[in-house]
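S.K.: Pasting in a structure now, in structure tokens, and then I'll have a few things to ask.
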Amino acid sequence: MKQNLLDFEPTAMTAWFAENGEKPFRAKQVLRWIYKSGEHDFDAMSDLAVSLREKLKQIASIHTPKMVREETASDGTRKWLLDVGTGNAVETVFIPEEGRGTLCVSTQAGCALDCAFCSTGKQGFNRNLSTAEIIGQVWWANHELGKNADGNWPVTNVVLMGMGEPLLNFDNTVNALRLMLDDNAYGLSRRRVTVSTSGVVPAMDRLRDECPVALAVSLHAPNDALRNVLVPINQKYPLQELMAACRRYLEKAPRDFVTFEYIMLAGVNDTVQHARELIELVRDVPCKFNLIPFNPIPQAPYQRSDMRTVLRFRDVLMQADIVTTIRKVRGDDIAAACGQLAGQVQDKTKRTHRLVLSSRSGRLSPRPLAGED
Ligand code: SAH
Ligand code: SF4
């Protein structure tokens with residue numbers, strides 16, 4: 001089978017070229033063609049010798065996952081559903097804003113962590129995405145949107161907040177991060193690339209040591225009793241351990257704060273008392289809060305907090321000098337929240353697939369903490 005070059009981070013690309021008898025600068029040239037020019041046709045790589053182009057055509061390819069559906073919301077938010085085989089699809093969302101474009105990227109098909117409010121979690125874990133499938137989402141979005149008038153790619157910021165837990169697909173996630181950061185690839189600043197995690201503590205330390213980027217932590221509750229229910233991985237890595245991991249992360253992080261994401265669930269985690277508890281919890285962690293309006297899903301009993309409650313919660317945090325934003329609801333009309341569109345499609349397409357798989361191996365039932373280091 002041909003080698004998909006999107007699977008190589010820069011060092012691996014150089015090693016592969018060496019194995020094939022080619023000089024390191026060839027790897028750099030090809031990286032630049034793929035990521036800086038958005039090229040996937042070896043014939044167009046005009047500064048490579050014709051013989052090398054022919055050789056690459058024989059042994060390599062450049063391909064992203066197949067796109068099965070695309071939607072554009074009235075506010076300009078774009079969403080793609082990428083077919084990753086065996087009846088699975090993952091989503092990628094592009095959010096255009098003044099002066100920047102943020103791409104929300106998925107790292108796993110499904111997720112094993114089964115957070116109580118999350119549609120991806122309700123699908124169970126299917127498999128990790130490959131490096132090519134993760135970086136391929138950035139490549140695809142840039143390719144579809146085309147370069148800006150200034151010659152730059154429209155994706156200026158990446159957040160790993162799509163489907164899946166990035167730190168449970170550690171190696172492929174880090175490979176993709178390296179391509180986002182490398183000067184011969186996308187060359188994004190570490191501050192413009194954010195990993196979002198539900199709190200896989202040992203992997204947070206690894207990320208800090210191997211490839212520190214901006215960090216968002218899905219907190220969602222101010223105490224262990226509630227977080228154990230909403231974010232079950234908390235049973236393994238409780239809040240005090242998580243706070244300590246955040247502090248360690250900040251020693252090497254490109255930003256001097258952690259962003260805590262907090263979904264506002266009516267009557268569950270949204271009272272003034274919860275806000276006060278949070279202030280105590282994060283006392284020693286430089287942080288900002290992002291309050292997220294809950295997108296209701298059929299599989300969970302929760303409701304969205306009303307705006308008055310959200311504003312009151314924000315005010316309590318702000319009075320304690322914690323910068324707090326409320327996430328704008330984007331792409332509402334195309335269900336651009338975590339896991340939602342893929343959820344709809346999979347409900348239709350996976351039913352037969354589920355029967356086949358479950359009778360064969362039962363793989364679609366969530367595997368707890370699969371892929372964890
Ligand atoms: N697994 C990682 C990253 C993907 S989830 C994590 O949990 O951080 C990305 C974000 O979407 C998380 O903050 C998650 O809590 C949020 N999210 C999940 N389900 C949601 C829903 N129904 N409504 C609003 N946000 C949701
Ligand atoms: Fe997984 Fe994140 Fe969804 Fe939790 S919120 S189930 S960790 S994708």
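Convention: chains lettered A, B, ... in structure tokens order; per-chain residue numbering from 1; ligands numbered from 1 as shown.
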Around ligand 2, which protein and nucleic acid residues have at least one atom no more than 9 Å from it, if we count only C-alpha atoms and all ligand atoms? List them as a ChimeraX atom specification.
M.R.: /A:106,108,110-125,161-166,196-199,218,230-233,338-339
S.K.: Keeping N, CA and C atoms, export the residues of the selection given above as an mmCIF file, in the first residue's frame.
M.R.:
```cif
data_model
loop_
_atom_site.group_PDB
_atom_site.id
_atom_site.type_symbol
_atom_site.label_atom_id
_atom_site.label_comp_id
_atom_site.auth_asym_id
_atom_site.auth_seq_id
_atom_site.Cartn_x
_atom_site.Cartn_y
_atom_site.Cartn_z
ATOM 1 N N SER A 106 -11.472 17.114 15.282
ATOM 2 C CA SER A 106 -11.730 15.887 16.037
ATOM 3 C C SER A 106 -10.481 15.009 16.084
ATOM 4 N N GLN A 108 -10.812 11.546 17.685
ATOM 5 C CA GLN A 108 -11.223 10.144 17.761
ATOM 6 C C GLN A 108 -12.602 10.003 17.121
ATOM 7 N N GLY A 110 -15.859 8.772 17.974
ATOM 8 C CA GLY A 110 -16.473 8.467 19.264
ATOM 9 C C GLY A 110 -15.554 8.837 20.413
ATOM 10 N N CYS A 111 -15.940 8.459 21.619
ATOM 11 C CA CYS A 111 -15.097 8.739 22.788
ATOM 12 C C CYS A 111 -15.485 7.766 23.888
ATOM 13 N N ALA A 112 -14.478 7.260 24.594
ATOM 14 C CA ALA A 112 -14.723 6.251 25.628
ATOM 15 C C ALA A 112 -15.135 6.864 26.960
ATOM 16 N N LEU A 113 -15.035 8.191 27.088
ATOM 17 C CA LEU A 113 -15.118 8.756 28.437
ATOM 18 C C LEU A 113 -16.542 9.019 28.913
ATOM 19 N N ASP A 114 -17.490 9.015 28.001
ATOM 20 C CA ASP A 114 -18.911 8.991 28.364
ATOM 21 C C ASP A 114 -19.335 10.098 29.341
ATOM 22 N N CYS A 115 -18.950 11.318 29.058
ATOM 23 C CA CYS A 115 -19.442 12.431 29.869
ATOM 24 C C CYS A 115 -20.970 12.504 29.735
ATOM 25 N N ALA A 116 -21.615 12.874 30.823
ATOM 26 C CA ALA A 116 -23.066 12.693 30.915
ATOM 27 C C ALA A 116 -23.868 13.540 29.922
ATOM 28 N N PHE A 117 -23.267 14.603 29.409
ATOM 29 C CA PHE A 117 -23.996 15.591 28.589
ATOM 30 C C PHE A 117 -23.565 15.541 27.130
ATOM 31 N N CYS A 118 -22.676 14.596 26.757
ATOM 32 C CA CYS A 118 -21.962 14.719 25.478
ATOM 33 C C CYS A 118 -22.428 13.687 24.467
ATOM 34 N N SER A 119 -22.801 14.188 23.316
ATOM 35 C CA SER A 119 -23.319 13.306 22.280
ATOM 36 C C SER A 119 -22.226 12.379 21.720
ATOM 37 N N THR A 120 -20.996 12.872 21.623
ATOM 38 C CA THR A 120 -19.901 12.003 21.178
ATOM 39 C C THR A 120 -19.728 10.843 22.156
ATOM 40 N N GLY A 121 -19.746 11.173 23.448
ATOM 41 C CA GLY A 121 -19.582 10.140 24.473
ATOM 42 C C GLY A 121 -20.671 9.081 24.371
ATOM 43 N N LYS A 122 -21.874 9.519 24.036
ATOM 44 C CA LYS A 122 -23.000 8.583 23.956
ATOM 45 C C LYS A 122 -22.847 7.606 22.791
ATOM 46 N N GLN A 123 -22.015 7.970 21.801
ATOM 47 C CA GLN A 123 -21.774 7.040 20.686
ATOM 48 C C GLN A 123 -20.807 5.926 21.060
ATOM 49 N N GLY A 124 -20.126 6.068 22.184
ATOM 50 C CA GLY A 124 -19.098 5.096 22.544
ATOM 51 C C GLY A 124 -17.816 5.345 21.758
ATOM 52 N N PHE A 125 -16.801 4.553 22.105
ATOM 53 C CA PHE A 125 -15.509 4.718 21.437
ATOM 54 C C PHE A 125 -15.447 3.794 20.245
ATOM 55 N N MET A 161 -11.176 20.415 19.953
ATOM 56 C CA MET A 161 -12.400 20.370 20.767
ATOM 57 C C MET A 161 -13.537 19.705 20.023
ATOM 58 N N GLY A 162 -13.205 18.976 18.964
ATOM 59 C CA GLY A 162 -14.249 18.264 18.226
ATOM 60 C C GLY A 162 -14.566 16.957 18.935
ATOM 61 N N MET A 163 -14.701 15.901 18.166
ATOM 62 C CA MET A 163 -15.053 14.627 18.783
ATOM 63 C C MET A 163 -13.815 13.945 19.345
ATOM 64 N N GLY A 164 -13.987 13.340 20.516
ATOM 65 C CA GLY A 164 -12.926 12.517 21.082
ATOM 66 C C GLY A 164 -12.077 13.230 22.118
ATOM 67 N N GLU A 165 -11.281 12.432 22.827
ATOM 68 C CA GLU A 165 -10.386 12.974 23.849
ATOM 69 C C GLU A 165 -8.960 12.951 23.276
ATOM 70 N N PRO A 166 -8.429 14.119 22.915
ATOM 71 C CA PRO A 166 -7.127 14.140 22.234
ATOM 72 C C PRO A 166 -6.016 13.443 23.020
ATOM 73 N N SER A 196 -7.933 20.582 24.123
ATOM 74 C CA SER A 196 -8.963 20.531 25.164
ATOM 75 C C SER A 196 -9.006 19.122 25.725
ATOM 76 N N THR A 197 -8.935 19.016 27.046
ATOM 77 C CA THR A 197 -8.971 17.682 27.657
ATOM 78 C C THR A 197 -9.975 17.647 28.802
ATOM 79 N N SER A 198 -10.528 16.466 29.010
ATOM 80 C CA SER A 198 -11.426 16.289 30.142
ATOM 81 C C SER A 198 -10.624 16.012 31.417
ATOM 82 N N GLY A 199 -9.290 15.951 31.283
ATOM 83 C CA GLY A 199 -8.457 15.834 32.478
ATOM 84 C C GLY A 199 -7.725 14.514 32.619
ATOM 85 N N SER A 218 -11.835 20.750 30.444
ATOM 86 C CA SER A 218 -13.298 20.684 30.594
ATOM 87 C C SER A 218 -13.615 20.376 32.043
ATOM 88 N N LEU A 230 -20.707 13.885 36.089
ATOM 89 C CA LEU A 230 -20.743 14.580 34.790
ATOM 90 C C LEU A 230 -19.565 14.185 33.904
ATOM 91 N N VAL A 231 -18.400 14.036 34.499
ATOM 92 C CA VAL A 231 -17.172 13.727 33.750
ATOM 93 C C VAL A 231 -16.528 12.514 34.441
ATOM 94 N N PRO A 232 -16.958 11.305 34.078
ATOM 95 C CA PRO A 232 -16.577 10.124 34.872
ATOM 96 C C PRO A 232 -15.076 9.894 35.019
ATOM 97 N N ILE A 233 -14.262 10.448 34.116
ATOM 98 C CA ILE A 233 -12.819 10.230 34.287
ATOM 99 C C ILE A 233 -12.319 10.881 35.586
ATOM 100 N N CYS A 338 -20.314 20.058 19.677
ATOM 101 C CA CYS A 338 -19.583 18.800 19.829
ATOM 102 C C CYS A 338 -20.400 17.544 19.513
ATOM 103 N N GLY A 339 -20.019 16.851 18.455
ATOM 104 C CA GLY A 339 -20.601 15.532 18.207
ATOM 105 C C GLY A 339 -22.011 15.500 17.640
#
```
S.K.: Taking the backbone alone, and naming residues the way the document does, which bits of range 170-359 of chain A are helix (DSSP H, G or I) by DSSP, as number ranges by chain?
M.R.: A: 170-181, 190-192, 201-210, 224-230, 232-235, 239-250, 272-281, 307-319, 332-334, 340-359
S.K.: Write out as JSON lines a residue-level contact list of range 149-223 of chain A versus range 276-283 of chain A with cut-off 9 Å: for each qualifying residue the closest pair of atoms and the distance in Å to one decimal, counting only C-alpha atoms, rows sorted by chain and residue number upward.
M.R.:
```
{"residue": "A:Ala221", "atom": "CA", "partner": "A:Leu278", "partner_atom": "CA", "distance": 7.8}
{"residue": "A:Pro222", "atom": "CA", "partner": "A:Leu278", "partner_atom": "CA", "distance": 4.8}
{"residue": "A:Asn223", "atom": "CA", "partner": "A:Glu277", "partner_atom": "CA", "distance": 7.5}
```
S.K.: Could those residues be written to a file, using C-alpha atoms, as a compact mmCIF listing (two decimals), in the first residue's frame?
M.R.:
```txt
# COMPACT_ATOMS: atom_id res chain seq x y z
CA ALA A 221 -18.23 20.87 38.15
CA PRO A 222 -16.70 22.44 41.27
CA ASN A 223 -16.52 19.30 43.45
```
S.K.: Mind checking which residues fall within 7 Å of Pro24 in chain A, counting only C-alpha atoms, ignoring those fewer than 6 positions away in the same chain, and posting them as a ChimeraX atom specification?
M.R.: /A:14,17-18
S.K.: Go through range 35-158 of chain A and collect every residue that DSSP, computed from the backbone, puts in strand (DSSP E); the answer should be as an NGL selection string.
M.R.: :A and (60-61 or 66-72 or 78-83 or 89-97 or 100-104 or 108-110 or 125-128 or 157-158)
S.K.: Any idea what's packed within 9 Å of Asp41 in chain A, counting only C-alpha atoms, ignoring anything in its chain fewer than 6 positions away? Could you give it as number ranges by chain?
M.R.: A: 34, 57, 61-62
S.K.: Pick the closest to Glu70 in chain A from A:Phe313, A:Phe260, A:Trp140, A:Trp16: which is it, counting only C-alpha atoms?
M.R.: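 For Glu70 in chain A, the nearest of the given residues is A:Trp140.
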S.K.: Determine the nearest neighbour of Leu52 in chain A from the options A:Asn148, A:Gln29, A:Thr72, A:Ser37, counting only C-alpha atoms.
M.R.: A:Gln29
S.K.: Quick one, how far is CA of Pro212 in chain A from CA of Leu167 in chain A?
M.R.: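 Value for the CA of Pro212 in chain A-CA of Leu167 in chain A distance: 12.4 Å.
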S.K.: Between CA of Ala73 in chain A and CA of Arg330 in chain A, what is the distance, to one decimal in Å?
M.R.: 8.3 Å
S.K.: Between CA of Met264 in chain A and CA of Ile292 in chain A, measure the distance and give it in Å to one decimal.
M.R.: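 Between CA of Met264 in chain A and CA of Ile292 in chain A the gap works out to 6.0 Å.
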S.K.: Could you tell me which of A:Val323, A:Ala149, A:Thr92, A:Arg191 comes closest to ligand 1 if we count only C-alpha atoms and all ligand atoms?
M.R.: A:Thr92
S.K.: Smallest atom-to-atom distance to ligand 1: which of A:Gly85, A:Pro293, A:Gly99, A:Pro298, using only C-alpha atoms and all ligand atoms?
M.R.: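 Going through A:Gly85, A:Pro293, A:Gly99, A:Pro298 one by one, the smallest distance to ligand 1 is for A:Pro293.
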